[in-house]
Amino acid sequence: MTTNEETNQESFKVSGKELLSKIKEIYKEGKARKIIIKNDKGETIKEFSLKMGAIGLVLAPKLAAIGAIAAMAKDWTIIIEKEPTNSFTRNS
């Protein structure tokens, strides 16, 4: 796992078998707002938003597409963009 604090991104390297289960795990955590899937050459294969209104019916076709592309290669990188954290200073 790699973290980029400036852009609030994390990336994970996974195998084809692990791709779909890792995306489901990220979705269940509820902290990601966007997922980018890249192949072993660094090319973006799929990119989609996970806005608060996304429900199973909207996500299901995306998961089916991910399952299909997972079989195409053995090494994938998943990049997730997380919601920005609210940082503020409190004056006492």
# chains A, B, ... in the order shown; residues from 1 in each chain; ligands from 1

call {"tool": "select_by_dssp", "arguments": {"residues": "segment 12-51 of chain A", "states": "strand (DSSP E or B)", "output": "mmCIF file with C-alpha atoms, in the first residue's frame"}}
result
data_model
loop_
_atom_site.group_PDB
_atom_site.id
_atom_site.type_symbol
_atom_site.label_atom_id
_atom_site.label_comp_id
_atom_site.auth_asym_id
_atom_site.auth_seq_id
_atom_site.Cartn_x
_atom_site.Cartn_y
_atom_site.Cartn_z
ATOM 1 C CA PHE A 12 -2.721 -1.142 -3.636
ATOM 2 C CA LYS A 13 -1.046 -3.739 -5.857
ATOM 3 C CA VAL A 14 -3.216 -6.828 -6.263
ATOM 4 C CA SER A 15 -3.407 -9.923 -8.431
ATOM 5 C CA ALA A 32 -13.404 6.244 -1.015
ATOM 6 C CA ARG A 33 -14.944 8.686 -3.445
ATOM 7 C CA LYS A 34 -13.191 7.444 -6.583
ATOM 8 C CA ILE A 35 -11.480 4.218 -7.676
ATOM 9 C CA ILE A 36 -8.957 3.984 -10.501
ATOM 10 C CA ILE A 37 -7.769 0.611 -11.810
ATOM 11 C CA LYS A 38 -4.451 0.459 -13.659
ATOM 12 C CA THR A 44 -5.783 3.394 -16.576
ATOM 13 C CA ILE A 45 -8.265 0.644 -17.455
ATOM 14 C CA LYS A 46 -11.304 1.691 -15.431
ATOM 15 C CA GLU A 47 -12.175 4.709 -13.348
ATOM 16 C CA PHE A 48 -15.399 5.294 -11.449
ATOM 17 C CA SER A 49 -16.880 7.427 -8.730
#

call {"tool": "atom_distance", "arguments": {"atom1": "atom CA of Ser21 of chain A", "atom2": "atom CA of Ile80 of chain A"}}
result
14.4 Å

call {"tool": "residues_around", "arguments": {"residues": "Ala68 of chain A", "least_positions_apart": "5", "cutoff": "12 Å", "atoms": "only C-alpha atoms", "output": "PDB file with N, CA and C atoms, in the first residue's frame"}}
result
ATOM      1  N   GLY A  16      -4.948 -10.525 -10.184  1.00  0.00           N
ATOM      2  CA  GLY A  16      -6.248 -10.584 -10.853  1.00  0.00           C
ATOM      3  C   GLY A  16      -7.323 -11.192  -9.980  1.00  0.00           C
ATOM      4  N   LYS A  17      -6.968 -12.241  -9.222  1.00  0.00           N
ATOM      5  CA  LYS A  17      -7.935 -12.909  -8.348  1.00  0.00           C
ATOM      6  C   LYS A  17      -8.398 -12.008  -7.208  1.00  0.00           C
ATOM      7  N   LEU A  19      -8.507  -8.630  -7.241  1.00  0.00           N
ATOM      8  CA  LEU A  19      -8.993  -7.319  -7.671  1.00  0.00           C
ATOM      9  C   LEU A  19     -10.425  -7.047  -7.219  1.00  0.00           C
ATOM     10  N   LEU A  20     -11.336  -7.916  -7.541  1.00  0.00           N
ATOM     11  CA  LEU A  20     -12.744  -7.702  -7.229  1.00  0.00           C
ATOM     12  C   LEU A  20     -12.999  -7.671  -5.720  1.00  0.00           C
ATOM     13  N   ILE A  45      -7.326   1.539 -16.790  1.00  0.00           N
ATOM     14  CA  ILE A  45      -8.265   0.644 -17.455  1.00  0.00           C
ATOM     15  C   ILE A  45      -9.697   1.014 -17.124  1.00  0.00           C
ATOM     16  N   LYS A  46      -9.951   1.353 -15.880  1.00  0.00           N
ATOM     17  CA  LYS A  46     -11.304   1.691 -15.431  1.00  0.00           C
ATOM     18  C   LYS A  46     -11.202   2.723 -14.330  1.00  0.00           C
ATOM     19  N   PRO A  61     -23.196  -3.301 -12.084  1.00  0.00           N
ATOM     20  CA  PRO A  61     -22.608  -3.406 -13.424  1.00  0.00           C
ATOM     21  C   PRO A  61     -21.113  -3.084 -13.439  1.00  0.00           C
ATOM     22  N   LYS A  62     -20.694  -2.175 -12.588  1.00  0.00           N
ATOM     23  CA  LYS A  62     -19.274  -1.832 -12.510  1.00  0.00           C
ATOM     24  C   LYS A  62     -18.473  -3.023 -11.985  1.00  0.00           C
ATOM     25  N   LEU A  63     -19.023  -3.710 -10.994  1.00  0.00           N
ATOM     26  CA  LEU A  63     -18.336  -4.886 -10.445  1.00  0.00           C
ATOM     27  C   LEU A  63     -18.260  -6.013 -11.470  1.00  0.00           C
ATOM     28  N   ALA A  73      -5.252  -9.743 -16.951  1.00  0.00           N
ATOM     29  CA  ALA A  73      -3.861  -9.617 -16.512  1.00  0.00           C
ATOM     30  C   ALA A  73      -3.740 -10.094 -15.077  1.00  0.00           C
TER      31      ALA A  73
END

call {"tool": "closest_residue", "arguments": {"among": "A:Ile78, A:Glu83, A:Asn8, A:Ala70", "to": "Ile23 of chain A", "atoms": "only C-alpha atoms"}}
result
A:Ile78

call {"tool": "closest_residue", "arguments": {"among": "A:Lys74, A:Ile66, A:Glu81, A:Leu50", "to": "Lys28 of chain A", "atoms": "only C-alpha atoms"}}
result
A:Leu50

call {"tool": "atom_distance", "arguments": {"atom1": "atom CA of Asp40 of chain A", "atom2": "atom CA of Lys24 of chain A"}}
result
20.6 Å
